[in-house]
Amino acid sequence: MAAKFRTLHESGCFVLPNPWDIGTAIYLRRLGFEALATTSAGFAFSRGTRDGKVPRDEMLVHIREIVEATALPVNADFQSGYADEPEGVAANVRLCLATGVAGLSIEDNTGRTDAPLYEAKLAVDRIRAARAAIDASETGVVLTGRCEAWLVGDPDPLRTALERVAAYAEAGADCLYAPGVSDPAEIAQIVKTVAPKPVNVLVSGFNHQLSVSQLTDLGVRRISVGSGLALAAWGAFVRGAQDIQTNGAFNLLANGAASADLNELFREKS
């Protein structure tokens with residue numbers, strides 16, 4: 001499965017959508033997508049907690065659940081590796097590999113407001129540790145190095161991202177990812193900086209105007225939507241529930257998926 005996932009990164013551009021439970025994973029596979037990725041935020045919201053607050057072991061169970069839901073390669077949003085030091089990252093990466101993932105990402109977000117990004121050398125060492133753990137496993141799992149500069153409000157996110165994705169590529173990341181970028185010229189700079197290694201771009205509400213064809217032309221190899229689909233579902237739920245409570249109206253329920261279609265979709269699971 002890892003070999004198939006790796007091949008997808010070699011040319012062209014593919015969309016890596018992010019289900020947050022078994023049902024959404026099955027639907028995305030039936031729709032024809034070639035690979036899936038977990039979403040830490042989408043899953044956290046489904047558990048009634050904040051992004052980043054799902055314990056490691058609970059997340060590992062969820063990742064395995066998505067892996068086993070379909071025959072598609074799955075990339076794990078493994079956040080910061082659930083450890084600060086490289087040794088801890090390596091140990092946790094080994095646990096993630098045991099779920100059967102075809103890829104995983106490690107980010108440099110510390111989760112702290114005083115120092116939101118790991119110091120540059122430590123961030124690189126964490127990627128090296130993840131790379132070594134994958135290499136020792138001989139699984140061929142694809143390692144994505146993530147720079148969170150835009151998401152943590154870095155004062156110069158492009159400069160920070162360019163420096164870091166280049167360093168992560170040198171440290172052994174197979175794919176590079178700076179979620180939050182939306183300007184096409186900046187995306188093109190990231191692609192050029194790490195070429196020929198592939199770049200993943202997050203498309204969500206803040207940059208939804210980007211298209212697959214546009215990103216393909218910029219040299220992007222992989223597009224993910226993060227929590228975007230989960231937030232779209234939450235948006236419909238929130239609007240519908242508020243309309244019922246505030247106005248006593250049920251109009252938004254008219255746009256729901258048909259039960260018969262979902263029953264047919266999940267017939268093989270019964």
# chains A, B, ... in the order shown; residues from 1 in each chain; ligands from 1
$ residues_around --residues "range 126-143 of chain A" --least-positions-apart "2" --cutoff "10 Å" --atoms "only C-alpha atoms" --output "PyMOL selection string"
chain A and resi 1-3+5-6+9+75-76+80-81+83-94+97-98+100-108+118+120-124+145-146+167-176
$ write_last_selection --atoms "C-alpha atoms" --output "tab-separated table (two decimals), in the first residue's frame"
chain	number	residue	atom	x	y	z
A	1	MET	CA	0.00	0.00	0.00
A	2	ALA	CA	2.86	2.37	0.79
A	3	ALA	CA	4.38	1.70	-2.64
A	5	PHE	CA	0.87	5.80	-2.26
A	6	ARG	CA	4.45	6.72	-3.12
A	9	HIS	CA	3.43	11.44	-5.71
A	75	ASN	CA	-1.95	9.10	5.29
A	76	ALA	CA	-2.03	9.80	9.03
A	80	SER	CA	3.69	16.72	16.23
A	81	GLY	CA	4.34	13.02	16.78
A	83	ALA	CA	6.41	14.02	21.72
A	84	ASP	CA	8.85	16.90	21.87
A	85	GLU	CA	12.17	15.08	21.68
A	86	PRO	CA	13.29	13.12	18.60
A	87	GLU	CA	13.47	9.85	20.53
A	88	GLY	CA	9.83	10.16	21.53
A	89	VAL	CA	8.80	11.05	17.99
A	90	ALA	CA	10.58	7.95	16.66
A	91	ALA	CA	8.89	5.70	19.22
A	92	ASN	CA	5.45	7.08	18.40
A	93	VAL	CA	6.06	6.89	14.65
A	94	ARG	CA	6.73	3.18	15.13
A	97	LEU	CA	3.39	2.45	11.38
A	98	ALA	CA	1.82	-0.53	13.13
A	100	GLY	CA	-0.92	0.01	8.49
A	101	VAL	CA	-0.70	3.59	7.22
A	102	ALA	CA	0.87	4.31	3.86
A	103	GLY	CA	2.06	7.76	4.94
A	104	LEU	CA	2.23	10.06	7.93
A	105	SER	CA	3.00	13.69	8.62
A	106	ILE	CA	5.03	15.29	11.39
A	107	GLU	CA	4.52	18.99	12.09
A	108	ASP	CA	6.61	21.59	13.91
A	118	TYR	CA	9.93	24.04	17.61
A	120	ALA	CA	14.74	25.01	13.92
A	121	LYS	CA	17.44	22.46	14.76
A	122	LEU	CA	15.12	20.46	17.00
A	123	ALA	CA	12.42	20.53	14.32
A	124	VAL	CA	14.87	19.08	11.79
A	145	GLY	CA	7.29	17.27	6.82
A	146	ARG	CA	4.92	20.06	7.83
A	167	ALA	CA	15.59	21.67	5.77
A	168	TYR	CA	12.92	18.99	6.22
A	169	ALA	CA	13.48	17.79	2.66
A	170	GLU	CA	17.20	17.53	3.38
A	171	ALA	CA	16.44	15.65	6.60
A	172	GLY	CA	14.52	12.97	4.70
A	173	ALA	CA	10.91	14.12	4.32
A	174	ASP	CA	9.43	12.66	1.11
A	175	CYS	CA	6.71	15.29	0.79
A	176	LEU	CA	6.60	18.88	2.06
$ residues_around --residues "Ile22 in chain A" --least-positions-apart "3" --cutoff "9 Å" --atoms "only C-alpha atoms" --output "PDB file with N, CA and C atoms, in the first residue's frame"
ATOM      1  N   PRO A  19     -11.482  12.041   5.460  1.00  0.00           N
ATOM      2  CA  PRO A  19     -12.649  11.577   6.210  1.00  0.00           C
ATOM      3  C   PRO A  19     -12.381  11.677   7.702  1.00  0.00           C
ATOM      4  N   ALA A  25     -15.100   7.714   5.156  1.00  0.00           N
ATOM      5  CA  ALA A  25     -13.997   7.049   4.438  1.00  0.00           C
ATOM      6  C   ALA A  25     -14.548   6.153   3.331  1.00  0.00           C
ATOM      7  N   ILE A  26     -15.583   5.386   3.637  1.00  0.00           N
ATOM      8  CA  ILE A  26     -16.179   4.498   2.644  1.00  0.00           C
ATOM      9  C   ILE A  26     -16.755   5.298   1.481  1.00  0.00           C
ATOM     10  N   TYR A  27     -17.434   6.390   1.796  1.00  0.00           N
ATOM     11  CA  TYR A  27     -18.027   7.189   0.719  1.00  0.00           C
ATOM     12  C   TYR A  27     -16.956   7.749  -0.198  1.00  0.00           C
ATOM     13  N   GLU A  65      -8.673   2.479  12.404  1.00  0.00           N
ATOM     14  CA  GLU A  65     -10.062   2.343  11.968  1.00  0.00           C
ATOM     15  C   GLU A  65     -10.233   2.834  10.534  1.00  0.00           C
ATOM     16  N   ILE A  66      -9.625   3.961  10.207  1.00  0.00           N
ATOM     17  CA  ILE A  66      -9.710   4.489   8.844  1.00  0.00           C
ATOM     18  C   ILE A  66      -8.935   3.603   7.878  1.00  0.00           C
ATOM     19  N   GLU A  68      -8.468   0.427   8.062  1.00  0.00           N
ATOM     20  CA  GLU A  68      -9.195  -0.820   7.852  1.00  0.00           C
ATOM     21  C   GLU A  68     -10.554  -0.624   7.176  1.00  0.00           C
ATOM     22  N   ALA A  69     -10.993   0.627   7.039  1.00  0.00           N
ATOM     23  CA  ALA A  69     -12.312   0.896   6.458  1.00  0.00           C
ATOM     24  C   ALA A  69     -12.333   0.729   4.944  1.00  0.00           C
ATOM     25  N   THR A  70     -11.178   0.922   4.296  1.00  0.00           N
ATOM     26  CA  THR A  70     -11.122   0.817   2.843  1.00  0.00           C
ATOM     27  C   THR A  70      -9.814   0.149   2.425  1.00  0.00           C
TER      28      THR A  70
END
$ select_by_dssp --residues "range 182-265 of chain A" --states "strand (DSSP E or B)" --output "NGL selection string"
:A and (199-202 or 222-224)
$ atom_distance --atom1 "CA of Glu268 in chain A" --atom2 "CA of Ser46 in chain A"
24.1 Å
$ residues_around --residues "range 153-160 of chain A" --least-positions-apart "5" --cutoff "10 Å" --atoms "only C-alpha atoms" --output "PyMOL selection string"
chain A and resi 116-117+120+147-148+165+178+180-181+186-187+189-190
$ atom_distance --atom1 "CA of Phe206 in chain A" --atom2 "CA of Pro179 in chain A"
11.0 Å
$ closest_residue --among "A:Asn255, A:Thr216, A:Ser40, A:Thr246" --to "Gly12 in chain A" --atoms "only C-alpha atoms"
A:Thr216
$ closest_residue --among "A:Val201, A:Leu231, A:Gly23, A:Leu72" --to "Arg267 in chain A" --atoms "only C-alpha atoms"
A:Gly23
$ closest_residue --among "A:Ser211, A:Thr49, A:Ser204, A:Thr7" --to "Pro73 in chain A" --atoms "only C-alpha atoms"
A:Thr7
$ select_by_dssp --residues "range 33-250 of chain A" --states "helix (DSSP H, G or I)" --output "PyMOL selection string"
chain A and resi 40-46+56-69+86-97+120-137+157-170+184-194+205-207+212-217+228-247
$ residues_around --residues "Pro196 in chain A" --least-positions-apart "3" --cutoff "10 Å" --atoms "only C-alpha atoms" --output "PyMOL selection string"
chain A and resi 10+175+191-193+199+219
$ residues_around --residues "Asn251 in chain A" --least-positions-apart "2" --cutoff "12 Å" --atoms "only C-alpha atoms" --output "list in words"
Ala236, Arg239, Gly240, Ala241, Gln242, Asp243, Ile244, Asn247, Gly248, Ala249, Leu253, Ala254, Asn255 and Gly256 of chain A
$ write_last_selection --atoms "all heavy atoms" --output "mmCIF file, in the first residue's frame"
data_model
loop_
_atom_site.group_PDB
_atom_site.id
_atom_site.type_symbol
_atom_site.label_atom_id
_atom_site.label_comp_id
_atom_site.auth_asym_id
_atom_site.auth_seq_id
_atom_site.Cartn_x
_atom_site.Cartn_y
_atom_site.Cartn_z
ATOM 1 N N ALA A 236 -23.487 22.757 7.979
ATOM 2 C CA ALA A 236 -24.876 22.409 7.670
ATOM 3 C C ALA A 236 -25.627 22.023 8.941
ATOM 4 O O ALA A 236 -26.785 22.423 9.140
ATOM 5 C CB ALA A 236 -24.903 21.261 6.667
ATOM 6 N N ARG A 239 -26.261 25.281 11.119
ATOM 7 C CA ARG A 239 -27.308 26.128 10.534
ATOM 8 C C ARG A 239 -28.683 25.487 10.682
ATOM 9 O O ARG A 239 -29.672 26.162 11.009
ATOM 10 C CB ARG A 239 -26.999 26.415 9.069
ATOM 11 C CG ARG A 239 -25.827 27.353 8.852
ATOM 12 C CD ARG A 239 -25.687 27.782 7.400
ATOM 13 N NE ARG A 239 -25.375 26.655 6.532
ATOM 14 C CZ ARG A 239 -24.138 26.225 6.290
ATOM 15 N NH1 ARG A 239 -23.108 26.823 6.868
ATOM 16 N NH2 ARG A 239 -23.917 25.215 5.469
ATOM 17 N N GLY A 240 -28.758 24.178 10.447
ATOM 18 C CA GLY A 240 -30.041 23.497 10.573
ATOM 19 C C GLY A 240 -30.552 23.500 11.998
ATOM 20 O O GLY A 240 -31.738 23.785 12.251
ATOM 21 N N ALA A 241 -29.687 23.189 12.948
ATOM 22 C CA ALA A 241 -30.092 23.155 14.360
ATOM 23 C C ALA A 241 -30.498 24.539 14.843
ATOM 24 O O ALA A 241 -31.494 24.690 15.574
ATOM 25 C CB ALA A 241 -28.945 22.602 15.210
ATOM 26 N N GLN A 242 -29.756 25.574 14.446
ATOM 27 C CA GLN A 242 -30.086 26.933 14.867
ATOM 28 C C GLN A 242 -31.412 27.390 14.274
ATOM 29 O O GLN A 242 -32.190 28.089 14.930
ATOM 30 C CB GLN A 242 -28.968 27.895 14.465
ATOM 31 C CG GLN A 242 -27.696 27.718 15.291
ATOM 32 C CD GLN A 242 -26.585 28.656 14.852
ATOM 33 O OE1 GLN A 242 -26.628 29.233 13.762
ATOM 34 N NE2 GLN A 242 -25.575 28.797 15.689
ATOM 35 N N ASP A 243 -31.677 26.987 13.028
ATOM 36 C CA ASP A 243 -32.933 27.377 12.383
ATOM 37 C C ASP A 243 -34.123 26.744 13.100
ATOM 38 O O ASP A 243 -35.169 27.383 13.274
ATOM 39 C CB ASP A 243 -32.911 26.950 10.914
ATOM 40 C CG ASP A 243 -33.913 27.728 10.062
ATOM 41 O OD1 ASP A 243 -34.220 28.881 10.400
ATOM 42 O OD2 ASP A 243 -34.375 27.172 9.041
ATOM 43 N N ILE A 244 -33.943 25.496 13.528
ATOM 44 C CA ILE A 244 -35.025 24.833 14.277
ATOM 45 C C ILE A 244 -35.251 25.533 15.610
ATOM 46 O O ILE A 244 -36.394 25.861 15.980
ATOM 47 C CB ILE A 244 -34.679 23.348 14.505
ATOM 48 C CG1 ILE A 244 -34.658 22.594 13.171
ATOM 49 C CG2 ILE A 244 -35.677 22.698 15.464
ATOM 50 C CD1 ILE A 244 -34.076 21.197 13.260
ATOM 51 N N ASN A 247 -36.103 29.656 14.788
ATOM 52 C CA ASN A 247 -37.239 30.004 13.927
ATOM 53 C C ASN A 247 -38.337 28.955 13.892
ATOM 54 O O ASN A 247 -39.390 29.191 13.286
ATOM 55 C CB ASN A 247 -36.752 30.259 12.497
ATOM 56 C CG ASN A 247 -35.675 31.326 12.435
ATOM 57 O OD1 ASN A 247 -35.813 32.376 13.053
ATOM 58 N ND2 ASN A 247 -34.597 31.060 11.693
ATOM 59 N N GLY A 248 -38.085 27.795 14.495
ATOM 60 C CA GLY A 248 -39.070 26.727 14.419
ATOM 61 C C GLY A 248 -39.244 26.211 13.006
ATOM 62 O O GLY A 248 -40.295 25.660 12.647
ATOM 63 N N ALA A 249 -38.205 26.384 12.189
ATOM 64 C CA ALA A 249 -38.271 25.986 10.778
ATOM 65 C C ALA A 249 -37.345 24.809 10.521
ATOM 66 O O ALA A 249 -36.304 24.670 11.157
ATOM 67 C CB ALA A 249 -37.892 27.163 9.885
ATOM 68 N N LEU A 253 -33.410 20.787 6.436
ATOM 69 C CA LEU A 253 -33.444 19.328 6.412
ATOM 70 C C LEU A 253 -33.775 18.795 5.025
ATOM 71 O O LEU A 253 -33.504 17.628 4.725
ATOM 72 C CB LEU A 253 -34.455 18.802 7.429
ATOM 73 C CG LEU A 253 -34.235 19.211 8.892
ATOM 74 C CD1 LEU A 253 -35.214 18.476 9.794
ATOM 75 C CD2 LEU A 253 -32.798 18.938 9.333
ATOM 76 N N ALA A 254 -34.338 19.664 4.185
ATOM 77 C CA ALA A 254 -34.705 19.246 2.829
ATOM 78 C C ALA A 254 -33.477 18.954 1.971
ATOM 79 O O ALA A 254 -33.582 18.271 0.943
ATOM 80 C CB ALA A 254 -35.554 20.330 2.155
ATOM 81 N N ASN A 255 -32.309 19.454 2.395
ATOM 82 C CA ASN A 255 -31.107 19.289 1.590
ATOM 83 C C ASN A 255 -30.229 18.130 2.067
ATOM 84 O O ASN A 255 -29.098 17.974 1.596
ATOM 85 C CB ASN A 255 -30.281 20.586 1.621
ATOM 86 C CG ASN A 255 -31.034 21.759 1.021
ATOM 87 O OD1 ASN A 255 -31.692 21.623 0.008
ATOM 88 N ND2 ASN A 255 -30.956 22.914 1.675
ATOM 89 N N GLY A 256 -30.736 17.324 2.974
ATOM 90 C CA GLY A 256 -29.947 16.227 3.512
ATOM 91 C C GLY A 256 -29.773 15.087 2.520
ATOM 92 O O GLY A 256 -30.493 14.967 1.529
#
$ closest_residue --among "A:Val238, A:Ala115, A:Val220, A:Ala44" --to "Asp21 in chain A" --atoms "only C-alpha atoms"
A:Ala44
$ atom_distance --atom1 "CA of Arg221 in chain A" --atom2 "CA of Ser11 in chain A"
6.9 Å
$ closest_residue --among "A:Ala232, A:Thr38, A:Lys4, A:Asp183" --to "Gln209 in chain A" --atoms "only C-alpha atoms"
A:Asp183
$ decode --residues "range 146-164 of chain A" --atoms "N, CA, C and O atoms" --output "JSON list (two decimals), in the first residue's frame"
[["chain", "number", "residue", "atom", "x", "y", "z"],
["A", 146, "ARG", "N", 5.84, 18.92, 7.82],
["A", 146, "ARG", "CA", 4.92, 20.06, 7.83],
["A", 146, "ARG", "C", 5.52, 21.25, 8.57],
["A", 146, "ARG", "O", 5.97, 21.12, 9.70],
["A", 147, "CYS", "N", 5.46, 22.41, 7.93],
["A", 147, "CYS", "CA", 5.79, 23.66, 8.60],
["A", 147, "CYS", "C", 4.51, 24.44, 8.86],
["A", 147, "CYS", "O", 3.79, 24.78, 7.92],
["A", 148, "GLU", "N", 4.25, 24.73, 10.12],
["A", 148, "GLU", "CA", 2.99, 25.34, 10.53],
["A", 148, "GLU", "C", 3.05, 26.86, 10.63],
["A", 148, "GLU", "O", 2.24, 27.48, 11.33],
["A", 149, "ALA", "N", 3.99, 27.48, 9.94],
["A", 149, "ALA", "CA", 4.22, 28.92, 10.10],
["A", 149, "ALA", "C", 2.95, 29.76, 9.90],
["A", 149, "ALA", "O", 2.68, 30.68, 10.68],
["A", 150, "TRP", "N", 2.19, 29.46, 8.85],
["A", 150, "TRP", "CA", 0.97, 30.24, 8.61],
["A", 150, "TRP", "C", -0.06, 29.99, 9.71],
["A", 150, "TRP", "O", -0.71, 30.93, 10.17],
["A", 151, "LEU", "N", -0.18, 28.76, 10.15],
["A", 151, "LEU", "CA", -1.24, 28.43, 11.11],
["A", 151, "LEU", "C", -0.98, 28.99, 12.50],
["A", 151, "LEU", "O", -1.91, 29.19, 13.27],
["A", 152, "VAL", "N", 0.28, 29.24, 12.85],
["A", 152, "VAL", "CA", 0.59, 29.77, 14.19],
["A", 152, "VAL", "C", 0.80, 31.28, 14.18],
["A", 152, "VAL", "O", 1.13, 31.87, 15.20],
["A", 153, "GLY", "N", 0.59, 31.91, 13.03],
["A", 153, "GLY", "CA", 0.71, 33.36, 12.96],
["A", 153, "GLY", "C", 2.14, 33.87, 12.97],
["A", 153, "GLY", "O", 2.43, 34.94, 13.53],
["A", 154, "ASP", "N", 3.05, 33.12, 12.35],
["A", 154, "ASP", "CA", 4.44, 33.55, 12.26],
["A", 154, "ASP", "C", 4.51, 34.92, 11.58],
["A", 154, "ASP", "O", 3.77, 35.18, 10.63],
["A", 155, "PRO", "N", 5.38, 35.82, 12.05],
["A", 155, "PRO", "CA", 5.43, 37.17, 11.47],
["A", 155, "PRO", "C", 5.88, 37.20, 10.02],
["A", 155, "PRO", "O", 5.56, 38.14, 9.28],
["A", 156, "ASP", "N", 6.65, 36.21, 9.57],
["A", 156, "ASP", "CA", 7.08, 36.12, 8.18],
["A", 156, "ASP", "C", 6.92, 34.67, 7.74],
["A", 156, "ASP", "O", 7.90, 33.95, 7.56],
["A", 157, "PRO", "N", 5.69, 34.24, 7.55],
["A", 157, "PRO", "CA", 5.44, 32.81, 7.32],
["A", 157, "PRO", "C", 6.10, 32.25, 6.07],
["A", 157, "PRO", "O", 6.55, 31.10, 6.07],
["A", 158, "LEU", "N", 6.17, 33.03, 4.99],
["A", 158, "LEU", "CA", 6.77, 32.51, 3.76],
["A", 158, "LEU", "C", 8.25, 32.23, 3.97],
["A", 158, "LEU", "O", 8.75, 31.16, 3.61],
["A", 159, "ARG", "N", 8.97, 33.18, 4.55],
["A", 159, "ARG", "CA", 10.40, 32.99, 4.78],
["A", 159, "ARG", "C", 10.64, 31.79, 5.69],
["A", 159, "ARG", "O", 11.50, 30.94, 5.40],
["A", 160, "THR", "N", 9.87, 31.72, 6.78],
["A", 160, "THR", "CA", 10.04, 30.61, 7.71],
["A", 160, "THR", "C", 9.73, 29.29, 7.03],
["A", 160, "THR", "O", 10.47, 28.30, 7.18],
["A", 161, "ALA", "N", 8.65, 29.26, 6.27],
["A", 161, "ALA", "CA", 8.26, 28.02, 5.59],
["A", 161, "ALA", "C", 9.29, 27.58, 4.57],
["A", 161, "ALA", "O", 9.64, 26.40, 4.50],
["A", 162, "LEU", "N", 9.81, 28.52, 3.79],
["A", 162, "LEU", "CA", 10.80, 28.17, 2.78],
["A", 162, "LEU", "C", 12.06, 27.59, 3.42],
["A", 162, "LEU", "O", 12.61, 26.58, 2.95],
["A", 163, "GLU", "N", 12.51, 28.21, 4.49],
["A", 163, "GLU", "CA", 13.70, 27.71, 5.18],
["A", 163, "GLU", "C", 13.46, 26.31, 5.75],
["A", 163, "GLU", "O", 14.30, 25.41, 5.64],
["A", 164, "ARG", "N", 12.29, 26.14, 6.33],
["A", 164, "ARG", "CA", 12.02, 24.89, 7.03],
["A", 164, "ARG", "C", 11.70, 23.73, 6.09],
["A", 164, "ARG", "O", 12.18, 22.62, 6.29]]
